[in-house]
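Colleague: I am sharing entry_20.txt, which consists of compact mmCIF, C-alpha atoms:
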```
# COMPACT_ATOMS: atom_id res chain seq x y z
CA MET A 111 38.10 192.01 73.33
CA ARG A 112 41.24 194.07 72.90
CA GLN A 113 42.30 193.09 76.38
CA LEU A 114 41.88 189.44 75.49
CA PHE A 115 44.16 189.83 72.48
CA GLU A 116 46.68 191.69 74.60
CA LEU A 117 46.60 188.88 77.13
CA ILE A 118 47.14 186.28 74.42
CA TYR A 119 49.95 188.38 72.95
CA SER A 120 51.76 188.70 76.26
CA TYR A 121 51.64 184.91 76.76
CA ARG A 122 52.40 184.12 73.12
CA ALA A 123 55.60 182.19 73.88
CA PHE A 124 53.85 179.97 76.40
CA ILE A 125 50.89 179.41 74.08
CA THR A 126 53.17 178.44 71.16
CA PHE A 127 54.99 176.09 73.50
CA VAL A 128 51.78 174.40 74.60
CA ILE A 129 50.49 174.09 71.03
CA PHE A 130 53.68 172.43 69.81
CA GLU A 131 53.84 170.10 72.79
CA VAL A 132 50.26 169.01 72.10
CA ILE A 133 51.18 168.32 68.48
CA CYS A 134 54.17 166.26 69.67
CA LEU A 135 52.01 164.32 72.10
CA TRP A 136 49.55 163.58 69.33
CA LEU A 137 52.39 162.33 67.12
CA ILE A 138 53.87 160.18 69.89
CA ILE A 139 50.54 158.56 70.74
CA GLY A 140 49.60 158.20 67.07
CA ASN A 141 52.86 156.42 66.33
CA SER A 142 52.45 153.80 69.01
CA ARG A 143 49.48 152.45 67.13
CA MET A 144 50.53 150.52 64.07
CA HIS A 145 50.65 151.91 60.52
CA ASN A 146 50.15 155.55 61.33
CA ALA A 147 51.86 158.84 60.53
CA ALA A 148 53.60 157.43 57.46
CA PHE A 149 55.33 160.67 56.71
CA PHE A 150 57.38 160.69 59.90
CA ASN A 151 58.90 157.28 59.39
CA THR A 152 62.10 156.01 57.92
CA SER A 153 60.28 154.42 54.98
CA ASN A 154 59.65 158.00 53.84
CA ARG A 155 61.53 158.19 50.53
CA LEU A 156 63.72 161.18 51.35
CA VAL A 157 64.85 159.74 54.67
CA ALA A 158 65.30 156.24 53.27
CA SER A 159 67.42 157.38 50.34
CA THR A 160 69.64 159.27 52.79
CA PHE A 161 70.05 156.06 54.76
CA LYS A 162 70.90 154.25 51.57
CA VAL A 163 73.79 156.62 50.90
CA LYS A 164 74.94 156.22 54.50
CA ASN A 165 74.68 152.46 54.30
CA GLU A 166 76.70 152.35 51.09
CA VAL A 167 79.57 153.90 52.99
CA TYR A 168 79.13 151.99 56.25
CA GLN A 169 78.61 148.56 54.71
CA TYR A 170 82.28 148.39 53.67
CA PHE A 171 83.19 148.16 57.31
CA SER A 172 81.02 145.12 57.89
CA LEU A 173 81.64 143.29 54.62
CA THR A 174 83.77 140.62 56.27
CA SER A 175 81.19 139.63 58.84
CA ALA A 176 78.31 139.90 56.33
CA ASN A 177 80.19 137.60 53.93
CA ARG A 178 80.93 135.15 56.70
CA ASP A 179 77.27 135.01 57.76
CA LEU A 180 76.06 134.54 54.20
CA ALA A 181 78.64 131.84 53.51
CA ARG A 182 77.62 130.03 56.68
CA GLU A 183 73.99 130.22 55.66
CA ASN A 184 74.83 128.93 52.17
CA ALA A 185 76.60 125.95 53.69
CA PHE A 186 73.61 125.26 55.91
CA LEU A 187 71.14 125.45 53.02
CA ARG A 188 73.37 123.22 50.87
CA GLU A 189 73.29 120.63 53.64
CA ILE A 190 69.49 120.72 53.70
CA ILE A 191 69.29 120.37 49.91
CA GLU A 192 71.54 117.33 50.02
CA LYS A 193 69.47 115.69 52.75
CA GLU A 194 66.25 116.36 50.88
CA GLN A 195 67.72 115.01 47.67
CA LYS A 196 68.73 111.79 49.39
CA GLN A 197 65.27 111.43 50.83
CA LEU A 198 63.76 112.07 47.41
CA GLN A 199 65.94 109.40 45.90
CA LEU A 200 64.89 106.99 48.62
CA ALA A 201 61.27 107.89 48.02
CA GLU A 202 61.68 107.24 44.31
CA LEU A 203 63.17 103.84 45.06
CA GLU A 204 60.22 103.06 47.27
CA ILE A 205 57.84 104.12 44.54
CA PHE A 206 59.48 101.66 42.19
CA ASN A 207 59.28 98.96 44.78
CA LEU A 208 55.92 99.50 46.31
CA ASP A 209 54.17 101.50 43.60
CA THR A 210 52.53 103.72 46.15
CA LEU A 211 52.76 107.45 46.57
CA SER A 212 51.24 109.19 49.53
CA ILE A 213 52.09 112.75 48.54
CA ASN A 214 50.67 114.50 45.55
CA PRO A 215 53.70 115.40 43.37
CA LEU A 216 51.82 118.26 41.72
CA ASP A 217 51.40 120.15 45.00
CA THR A 218 54.73 121.96 44.88
CA THR A 219 53.50 125.43 45.84
CA LEU A 220 55.26 126.68 48.93
CA GLN A 221 53.39 128.23 51.80
CA TYR A 222 56.09 130.79 52.62
CA GLU A 223 57.89 133.03 50.18
CA TYR A 224 61.16 134.64 51.28
CA ILE A 225 62.06 138.06 49.90
CA PRO A 226 65.69 139.06 50.53
CA ALA A 227 66.45 142.67 51.45
CA ARG A 228 69.39 144.74 52.60
CA VAL A 229 69.27 146.60 55.92
CA ILE A 230 69.98 150.28 55.34
CA ASN A 231 69.33 151.54 58.83
CA ASN A 232 69.21 149.74 62.14
CA SER A 233 68.78 151.00 65.68
CA PHE A 234 69.16 148.79 68.72
CA ARG A 235 69.96 151.14 71.56
CA PHE A 236 66.59 152.74 72.21
CA THR A 237 63.51 151.40 73.98
CA ASN A 238 61.66 151.13 70.68
CA ASN A 239 63.89 150.18 67.80
CA TYR A 240 63.24 150.12 64.08
CA ILE A 241 65.03 148.74 61.04
CA THR A 242 64.79 150.15 57.52
CA VAL A 243 65.30 147.89 54.49
CA ASP A 244 65.64 148.66 50.79
CA LYS A 245 62.61 146.71 49.54
CA GLY A 246 59.06 148.01 49.52
CA ARG A 247 55.63 147.62 48.03
CA SER A 248 57.08 147.16 44.53
CA ALA A 249 58.85 144.00 45.75
CA GLY A 250 55.61 142.64 47.20
CA ILE A 251 56.15 143.65 50.80
CA GLU A 252 53.15 144.40 52.97
CA PRO A 253 52.72 145.58 56.55
CA GLU A 254 52.71 142.86 59.26
CA MET A 255 54.95 140.50 57.30
CA GLY A 256 57.55 138.68 59.42
CA VAL A 257 61.27 139.39 59.09
CA ILE A 258 64.08 136.91 59.77
CA SER A 259 67.79 136.76 59.06
CA SER A 260 70.20 133.87 58.73
CA GLY A 261 70.60 133.90 62.53
CA GLY A 262 66.95 133.93 63.51
CA ILE A 263 63.95 136.16 64.07
CA VAL A 264 64.39 139.91 63.43
CA GLY A 265 60.99 141.61 63.59
CA GLN A 266 57.82 142.55 61.78
CA VAL A 267 57.09 145.03 58.98
CA LYS A 268 55.57 148.22 60.28
CA MET A 269 55.19 150.45 57.29
CA VAL A 270 55.84 150.19 53.56
CA SER A 271 56.54 152.82 50.92
CA GLY A 272 57.25 152.22 47.24
CA LYS A 273 60.84 151.08 47.61
CA TYR A 274 61.50 150.94 51.34
CA SER A 275 59.98 149.52 54.50
CA THR A 276 60.25 150.25 58.19
CA ILE A 277 60.38 147.22 60.46
CA PHE A 278 59.56 146.83 64.14
CA SER A 279 62.75 145.33 65.50
CA LEU A 280 62.33 142.49 67.99
CA LEU A 281 63.91 145.08 70.29
CA HIS A 282 60.64 147.00 70.57
CA SER A 283 58.49 147.39 73.67
CA GLU A 284 55.35 146.23 71.83
CA MET A 285 56.78 143.14 70.12
CA PHE A 286 55.56 139.83 71.51
CA VAL A 287 56.66 136.68 69.70
CA SER A 288 54.69 133.48 70.02
CA SER A 289 57.40 130.89 70.63
CA MET A 290 57.99 127.35 71.76
CA ILE A 291 60.57 125.51 73.84
CA GLU A 292 61.87 123.18 71.14
CA ARG A 293 62.81 120.26 73.37
CA LEU A 294 59.51 120.17 75.27
CA GLY A 295 57.04 121.61 72.77
CA VAL A 296 55.75 124.05 75.39
CA PHE A 297 54.33 127.33 74.10
CA CYS A 298 55.41 130.66 75.51
CA THR A 299 55.94 134.29 74.55
CA ALA A 300 59.26 136.05 74.01
CA LYS A 301 59.55 139.75 74.77
CA TRP A 302 62.55 142.06 74.85
CA GLN A 303 63.57 143.42 78.27
CA GLY A 304 64.19 147.00 77.12
CA ASN A 305 67.84 147.62 77.72
CA ASN A 306 70.27 144.88 76.70
CA PRO A 307 70.03 144.12 72.94
CA ALA A 308 71.29 140.56 73.51
CA LEU A 309 68.74 139.41 76.12
CA ALA A 310 64.99 138.90 76.20
CA ASN A 311 62.42 137.46 78.61
CA LEU A 312 60.33 134.36 78.14
CA LEU A 313 56.83 134.83 79.51
CA TYR A 314 54.08 132.44 80.53
CA VAL A 315 56.11 129.27 81.06
CA PRO A 316 54.13 127.47 83.78
CA ARG A 317 55.83 126.09 86.85
CA HIS A 318 55.32 122.38 86.07
CA VAL A 319 57.47 122.59 82.94
CA ASN A 320 61.03 121.34 83.38
CA VAL A 321 62.82 124.10 81.48
CA GLN A 322 66.61 124.08 81.60
CA GLU A 323 69.44 126.39 80.70
CA GLY A 324 70.54 125.85 77.11
CA ASP A 325 67.06 124.95 75.80
CA ARG A 326 66.49 126.30 72.31
CA ILE A 327 63.53 128.63 71.79
CA VAL A 328 61.96 128.72 68.33
CA THR A 329 58.88 130.34 66.79
CA SER A 330 55.69 128.38 67.30
CA GLY A 331 53.99 129.05 63.98
CA TYR A 332 50.73 129.73 65.82
CA ASN A 333 50.35 133.17 64.33
CA SER A 334 50.57 133.36 60.57
CA ILE A 335 53.53 135.76 60.61
CA PHE A 336 56.48 133.43 61.16
CA PRO A 337 56.90 129.88 59.93
CA PRO A 338 57.42 127.42 62.79
CA GLY A 339 60.96 126.55 63.89
CA ILE A 340 62.76 129.87 63.32
CA PRO A 341 65.34 130.34 66.12
CA VAL A 342 64.48 132.99 68.71
CA GLY A 343 67.16 132.34 71.31
CA VAL A 344 68.64 130.07 73.93
CA VAL A 345 67.60 129.90 77.59
CA GLU A 346 70.28 131.53 79.69
CA ASN A 347 68.82 131.90 83.15
CA VAL A 348 65.85 130.20 84.87
CA GLU A 349 64.35 131.42 88.13
CA ILE A 350 61.12 130.91 89.99
CA GLU A 351 60.01 132.73 93.12
CA GLY A 352 58.04 131.25 96.04
CA ASN A 353 54.55 130.57 94.74
CA GLU A 354 54.62 132.33 91.41
CA THR A 355 52.72 130.62 88.62
CA PHE A 356 55.25 131.35 85.89
CA TYR A 357 59.01 131.17 85.63
CA ASN A 358 61.26 134.22 85.20
CA ILE A 359 63.30 133.10 82.21
CA GLU A 360 66.00 135.07 80.46
CA ILE A 361 67.01 134.07 76.95
CA ARG A 362 69.97 135.06 74.83
CA LEU A 363 68.67 136.15 71.44
CA ALA A 364 69.76 134.13 68.42
CA ASN A 365 70.50 137.26 66.39
CA ASP A 366 73.22 139.78 67.06
CA PHE A 367 71.13 142.90 66.44
CA SER A 368 74.17 145.14 66.28
CA ARG A 369 75.23 143.66 62.96
CA ILE A 370 72.26 142.66 60.85
CA SER A 371 73.04 143.32 57.21
CA TYR A 372 70.73 141.09 55.14
CA VAL A 373 67.24 139.93 56.07
CA TYR A 374 64.40 137.90 54.57
CA LEU A 375 60.83 139.15 54.59
CA ILE A 376 58.32 136.31 54.79
CA SER A 377 55.12 136.37 52.86
CA ASN A 378 52.67 133.72 53.99
CA LYS A 379 50.47 132.61 51.12
CA HIS A 380 47.97 131.00 53.48
CA LYS A 381 47.68 133.99 55.83
CA LEU A 382 44.41 135.30 54.40
CA GLU A 383 42.86 131.86 54.42
CA LYS A 384 43.95 131.13 57.99
CA ASP A 385 42.93 134.53 59.34
CA SER A 386 39.50 134.44 57.73
CA LEU A 387 38.89 130.93 59.03
CA GLU A 388 39.89 131.99 62.52
CA SER A 389 37.72 135.11 62.41
CA ILE A 390 34.72 132.94 61.50
CA ASN A 391 35.30 130.87 64.62
CA GLU A 392 35.20 133.99 66.77
CA MET B 105 77.63 187.13 55.89
CA ASN B 106 75.36 188.12 58.72
CA LYS B 107 75.21 185.18 61.10
CA SER B 108 71.54 185.68 61.87
CA THR B 109 70.25 185.39 58.31
CA ILE B 110 67.92 182.54 57.52
CA PRO B 111 70.00 180.91 54.72
CA TYR B 112 73.04 180.80 57.00
CA GLN B 113 71.05 179.13 59.79
CA VAL B 114 69.55 176.63 57.35
CA ILE B 115 73.05 175.60 56.25
CA VAL B 116 74.19 175.35 59.87
CA PHE B 117 71.18 173.15 60.63
CA LEU B 118 71.92 170.85 57.69
CA VAL B 119 75.49 170.44 58.94
CA TYR B 120 74.26 169.53 62.44
CA LEU B 121 71.61 167.21 61.00
CA SER B 122 74.08 165.30 58.82
CA LEU B 123 76.50 165.02 61.76
CA GLN B 124 73.65 163.65 63.86
CA VAL B 125 72.34 161.18 61.28
CA PHE B 126 75.53 160.02 59.58
CA PHE B 127 77.95 160.03 62.44
CA PHE B 128 76.61 160.32 65.98
CA ASP B 129 73.78 157.89 65.31
CA ASN B 130 76.43 155.16 65.40
CA MET B 131 78.51 156.72 68.16
CA VAL B 132 76.72 155.44 71.24
CA LEU B 133 79.15 154.80 74.06
CA PHE B 134 78.68 151.80 76.37
CA ARG B 135 75.01 151.46 75.33
CA THR B 136 74.15 154.38 77.63
CA ALA B 137 75.70 157.61 76.33
CA PHE B 138 73.91 159.11 73.34
CA CYS B 139 75.02 162.28 71.60
CA PHE B 140 72.29 164.62 70.36
CA VAL B 141 74.63 167.04 68.67
CA TYR B 142 71.77 168.80 66.85
CA LEU B 143 70.99 170.54 70.15
CA GLY B 144 74.01 172.73 69.39
CA PHE B 145 71.93 174.29 66.64
CA ILE B 146 69.18 175.33 69.08
CA LEU B 147 71.64 176.50 71.74
CA LEU B 148 73.62 178.59 69.24
CA LEU B 149 70.73 180.40 67.59
CA PRO B 150 71.09 184.21 67.71
CA LEU B 151 70.15 185.89 70.99
CA GLN B 152 67.90 188.35 69.17
CA ILE B 153 65.53 185.64 67.94
CA SER B 154 61.98 186.06 69.27
CA ALA B 155 60.63 183.51 71.76
CA THR B 156 57.89 182.21 69.48
CA MET B 157 60.31 181.94 66.55
CA LEU B 158 62.77 180.02 68.71
CA ILE B 159 60.10 177.52 69.78
CA THR B 160 58.95 177.06 66.19
CA VAL B 161 62.48 176.51 64.92
CA SER B 162 63.16 174.03 67.74
CA PHE B 163 60.00 172.14 66.87
CA VAL B 164 60.90 171.87 63.18
CA ALA B 165 64.49 170.85 63.96
CA GLY B 166 63.34 168.17 66.42
CA LEU B 167 60.74 166.85 64.02
CA ILE B 168 63.26 166.50 61.18
CA VAL B 169 65.62 164.58 63.49
CA ASP B 170 62.64 162.44 64.54
CA MET B 171 62.03 161.45 60.94
CA PHE B 172 65.46 159.86 60.85
CA TYR B 173 64.89 157.98 64.10
CA SER B 174 61.32 156.74 63.40
CA THR B 175 60.26 158.43 66.63
CA PRO B 176 57.74 161.10 65.61
CA GLY B 177 57.33 163.70 68.34
CA ILE B 178 59.91 162.47 70.85
CA ASN B 179 62.88 164.62 69.84
CA ALA B 180 60.50 167.41 68.85
CA SER B 181 58.82 167.57 72.27
CA ALA B 182 62.19 167.67 74.04
CA SER B 183 63.62 170.38 71.81
CA VAL B 184 60.43 172.48 72.05
CA LEU B 185 60.90 172.33 75.81
CA VAL B 186 64.51 173.54 75.42
CA GLY B 187 63.41 176.31 73.04
CA PHE B 188 60.83 177.44 75.59
CA ILE B 189 63.23 177.45 78.54
CA ARG B 190 66.23 178.97 76.74
CA PRO B 191 65.23 182.70 76.98
CA TYR B 192 64.45 182.39 80.71
CA TRP B 193 67.70 180.58 81.40
CA LEU B 194 69.64 183.16 79.35
CA SER B 195 68.19 186.03 81.37
CA LEU B 196 69.00 184.24 84.63
CA ILE B 197 72.66 183.76 83.78
CA THR B 198 73.31 187.15 82.18
CA PRO B 199 77.05 187.85 82.42
CA ARG B 200 78.31 191.04 84.01
CA GLY B 201 78.39 193.16 80.86
CA GLY B 202 75.02 191.91 79.63
CA TYR B 203 74.70 190.50 76.14
CA GLU B 204 75.61 193.75 74.35
CA ASP B 205 77.13 193.33 70.92
CA ILE B 206 76.79 189.58 71.17
CA ASP B 207 74.95 187.90 68.36
CA ILE B 208 75.41 184.20 69.08
CA PRO B 209 76.11 182.73 72.56
CA ARG B 210 79.42 181.07 71.67
CA LEU B 211 82.06 179.72 73.99
CA LYS B 212 84.74 182.01 72.56
CA THR B 213 82.77 185.16 73.17
CA LEU B 214 81.31 184.39 76.58
CA GLY B 215 83.92 182.12 78.09
CA PHE B 216 84.17 178.46 79.01
CA SER B 217 82.49 178.59 82.41
CA TRP B 218 79.57 180.66 81.15
CA PHE B 219 79.05 178.30 78.21
CA ILE B 220 79.09 175.24 80.46
CA THR B 221 76.57 176.85 82.83
CA TYR B 222 74.44 177.71 79.83
CA ALA B 223 74.59 174.33 78.08
CA ILE B 224 74.49 171.70 80.84
CA PRO B 225 71.02 172.42 82.35
CA LEU B 226 69.35 172.84 78.95
CA ILE B 227 70.90 169.65 77.58
CA PHE B 228 70.07 167.79 80.79
CA VAL B 229 66.41 168.86 80.58
CA HIS B 230 66.31 167.82 76.92
CA HIS B 231 67.82 164.39 77.53
CA LEU B 232 65.74 163.72 80.62
CA SER B 233 62.44 164.51 78.91
CA LEU B 234 63.54 162.62 75.79
CA PHE B 235 64.52 159.44 77.62
CA ILE B 236 61.45 159.47 79.87
CA VAL B 237 59.08 159.87 76.91
CA GLU B 238 61.07 157.31 74.93
CA ALA B 239 60.90 154.74 77.72
CA GLY B 240 57.13 155.31 77.91
CA ASP B 241 56.99 154.63 81.64
CA LEU B 242 59.22 154.92 84.68
CA PHE B 243 59.70 151.19 84.96
CA ASN B 244 63.42 151.50 84.18
CA PHE B 245 63.84 154.69 86.19
CA TRP B 246 67.52 154.28 87.09
CA PHE B 247 68.36 153.20 83.58
CA VAL B 248 66.77 156.43 82.30
CA ILE B 249 68.63 158.58 84.85
CA ASN B 250 71.84 156.77 83.98
CA LYS B 251 71.37 157.35 80.26
CA THR B 252 70.47 161.02 80.84
CA PHE B 253 73.51 161.65 83.04
CA PHE B 254 76.11 160.12 80.73
CA SER B 255 74.47 161.43 77.55
CA THR B 256 74.52 164.97 78.96
CA ILE B 257 78.25 164.71 79.65
CA TYR B 258 78.80 163.28 76.18
CA THR B 259 76.74 165.87 74.28
CA VAL B 260 78.20 168.82 76.24
CA GLY B 261 81.70 167.46 75.67
CA ILE B 262 81.17 167.13 71.92
CA LEU B 263 79.66 170.64 71.70
CA VAL B 264 82.55 172.18 73.65
CA ILE B 265 85.10 170.40 71.45
CA GLY B 266 83.19 171.64 68.39
CA GLN B 267 83.30 175.18 69.74
CA TYR B 268 87.06 174.99 70.15
CA MET B 269 87.55 173.39 66.75
CA PHE B 270 85.43 175.48 64.44
CA TYR B 271 85.28 179.02 65.72
CA ALA B 272 88.33 181.24 65.34
CA ARG B 273 89.39 183.16 68.39
CA VAL B 274 87.62 186.54 68.38
CA ARG B 275 88.13 188.93 71.23
CA TYR B 276 85.31 191.26 72.20
CA ILE B 277 86.41 194.18 74.26
```
Can you turn what I pasted into structure tokens?
Modeller:
Amino acid sequence: MRQLFELIYSYRAFITFVIFEVICLWLIIGNSRMHNAAFFNTSNRLVASTFKVKNEVYQYFSLTSANRDLARENAFLREIIEKEQKQLQLAELEIFNLDTLSINPLDTTLQYEYIPARVINNSFRFTNNYITVDKGRSAGIEPEMGVISSGGIVGQVKMVSGKYSTIFSLLHSEMFVSSMIERLGVFCTAKWQGNNPALANLLYVPRHVNVQEGDRIVTSGYNSIFPPGIPVGVVENVEIEGNETFYNIEIRLANDFSRISYVYLISNKHKLEKDSLESINE
Amino acid sequence: MNKSTIPYQVIVFLVYLSLQVFFFDNMVLFRTAFCFVYLGFILLLPLQISATMLITVSFVAGLIVDMFYSTPGINASASVLVGFIRPYWLSLITPRGGYEDIDIPRLKTLGFSWFITYAIPLIFVHHLSLFIVEAGDLFNFWFVINKTFFSTIYTVGILVIGQYMFYARVRYI
């Protein structure tokens, strides 16, 4: 017995090394599954409040571009409001004329609610990237909610604490986005390549589809995370080899991930209903 | 103040950590060169520290850095590896007079060429293991090697500059 202890003692450094490496391995594997190891994430309050201080300093350097983006988005939204108003006026005229109304005016509840948040930490240079924002459970944010910005799709909520949330960036090796080629209505999947933060791949576009450079890619709305029609990117490069079934398509992402400052988290009011209906069908 | 006391080392670690999180997090060159300046803390721990203590400290340091990168275990596993190798590497590259009277393996006390020989392999091992684990597979093998190579140069460069900037010239006879 004493000899055993002596043996352990003489290899103590190696044994400590192995123990810690096993702990690390457990943490690495545990983290790749969703919503695990909450303590070691940037939505942890201590870490997030540090990021907030950092962001308060750094944001002054990007104020110009953040303002420009927000102003552009305001202009875009104003345009939509005006269009809708005109259509409403037309509809009202028609009501007077025809005395018919096909839509129920009382049904004004919106399916998607947008919660604005400020990005306080953003990585885009690793293989798996995460974004931290300054809104959490108290603002109604829940894991798996979709995240967009004025430019387009950003990611999906990974973990939520009281006041902060960690988001899977689109630049993450496990993010697959159900998307659609807008011009053709063909469904496909967008996935980041792993090194260049501006480019992604478009998977499962079958060979008979006439996809062209410059085609816009938007979200399909098939999963209940993103509303349909959110920009994902633009087709940059189309290739097909010999007798492959699917194209190799490269798209340029709609968002510049190096300067995301404000995002919207999307809460889908119909998610529960849709998911439970779909799980019944299975 | 004795340089090997625990409060002193805690302060040193906090300085390295804030440099890492507030500054070098944003200082990635050409999308390939990353600077993990916190490794300086592990490399510059006192020589008298016991092997198990060194591994434990490396683990904690790596884990705290991981918390700021949302990558639990990745930095920690790489720095535990460095903490494990460091004593063996130190005994292999013992300078001619041995390590007598030397508390911390600094550039000023042991010389530029010794420090480079000491730092480069350890930092290379750290970066290589970190980038391989981070990539998750060897699909982008040359990208990983590329990142490791340039990041090693970058980190070593920053540490050497730091050594020249912050430690007054002390001659040991």
Colleague: Could you list, with a cut-off of 10 Å and counting all atoms listed in the file, the residues of range 130-239 of chain B near range 239-254 of chain A, each shown with its nearest atom pair and the distance in Å rounded to one decimal, rows sorted by chain and ascending number, as JSON lines?
Modeller:
```
{"residue": "B:Tyr173", "atom": "CA", "partner": "A:Tyr240", "partner_atom": "CA", "distance": 8.0}
{"residue": "B:Ser174", "atom": "CA", "partner": "A:Tyr240", "partner_atom": "CA", "distance": 6.9}
{"residue": "B:Thr175", "atom": "CA", "partner": "A:Asn239", "partner_atom": "CA", "distance": 9.1}
```
Colleague: Quick one: of B:Val169, B:Ile153, B:Val248, B:Phe140, who's nearest to Ile227 in chain B, counting all atoms listed in the file?
Modeller: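 Looking at the shortest contact to Ile227 in chain B, the residue is B:Phe140.
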Colleague: At a cut-off of 8 Å, list the chain A residues touching chain B, using all atoms listed in the file, as a ChimeraX atom specification.
Modeller: /A:122-124,126-127,130-131,133-138,141,149-152,157,164,235-238,240
Colleague: Using only C-alpha atoms for the distances, tell me which of B:Ser255, B:Thr221, B:Gln113, B:Gln124 is nearest to Leu234 in chain B.
Modeller: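 Among B:Ser255, B:Thr221, B:Gln113, B:Gln124, it is B:Ser255 that comes nearest to Leu234 in chain B.
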Colleague: As a ChimeraX atom specification, please: the residues near range 296-312 of chain A (cut-off 6 Å, all atoms listed in the file, same-chain neighbours under 2 positions excluded).
Modeller: /A:237,281,286-291,294,314-315,359-363
Colleague: Quick check, in Å to one decimal: how far apart do CA of Met285 in chain A and CA of Gln322 in chain A lie?
Modeller: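 A separation of 24.3 Å between them.
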Colleague: Please report the interatomic distance between CA of Val229 in chain A and CA of Ile370 in chain A in Å with one decimal.
Modeller: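 Distance reported for this atom pair: 7.0 Å.
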Colleague: Please provide as a list in words all residues within 9 Å of Leu149 in chain B, with the sequence filter that same-chain residues fewer than 3 positions apart are discarded (counting all atoms listed in the file).
Modeller: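 Here the qualifying residues turn out to be Ser108, Gln113, Gly144, Phe145, Ile146, Gln152, Ile153, Leu158, Asp207, Ile208 and Pro209 of chain B.
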Colleague: Which one is closest to Gly343 in chain A: A:Asn320, A:Ile263, A:Thr276, A:Ser120? Count all atoms listed in the file.
Modeller: A:Ile263
Colleague: CA of Ser279 in chain A and CA of Glu346 in chain A are how many Å apart?
Modeller: 21.2 Å
Colleague: Please determine, counting all atoms listed in the file, which residue among A:Ile335, A:Ile230, A:Ile191, A:Ala176 has the shortest atom-to-atom distance to Met255 in chain A.
Modeller: A:Ile335
Colleague: With only C-alpha atoms as the atoms that count, which of A:Met111, A:Ser233, A:Ala158, A:Leu180 lies nearest to Ser271 in chain A?
Modeller: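 Of A:Met111, A:Ser233, A:Ala158, A:Leu180, the one nearest Ser271 in chain A is A:Ala158, counting only C-alpha atoms.
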Colleague: So which one's closest to Phe216 in chain B, B:Leu196, B:Val114, B:Met131, B:Leu263? Using all atoms listed in the file, please.
Modeller: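 The answer is B:Leu263, which sits nearest to Phe216 in chain B.
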Colleague: Range 376-379 of chain A: which residues within 8 Å, counting all atoms listed in the file, same-chain residues fewer than 2 positions away excluded, as a PyMOL selection string?
Modeller: chain A and resi 220-225+251+255-258+334-336+374+381-382
Colleague: May I have the selected residues written with C-alpha atoms, as a compact mmCIF listing (two decimals), keeping the file's coordinate frame?
Modeller:
```txt
# COMPACT_ATOMS: atom_id res chain seq x y z
CA LEU A 220 55.26 126.68 48.93
CA GLN A 221 53.39 128.23 51.80
CA TYR A 222 56.09 130.79 52.62
CA GLU A 223 57.89 133.03 50.18
CA TYR A 224 61.16 134.64 51.28
CA ILE A 225 62.06 138.06 49.90
CA ILE A 251 56.15 143.65 50.80
CA MET A 255 54.95 140.50 57.30
CA GLY A 256 57.55 138.68 59.42
CA VAL A 257 61.27 139.39 59.09
CA ILE A 258 64.08 136.91 59.77
CA SER A 334 50.57 133.36 60.57
CA ILE A 335 53.53 135.76 60.61
CA PHE A 336 56.48 133.43 61.16
CA TYR A 374 64.40 137.90 54.57
CA LYS A 381 47.68 133.99 55.83
CA LEU A 382 44.41 135.30 54.40
```
Colleague: Could you tell me, as a PyMOL selection string, which residues have any atom at most 8 Å from (66.2, 136.4, 67.6), counting only C-alpha atoms?
Modeller: chain A and resi 261-264+280+341-343+363-366
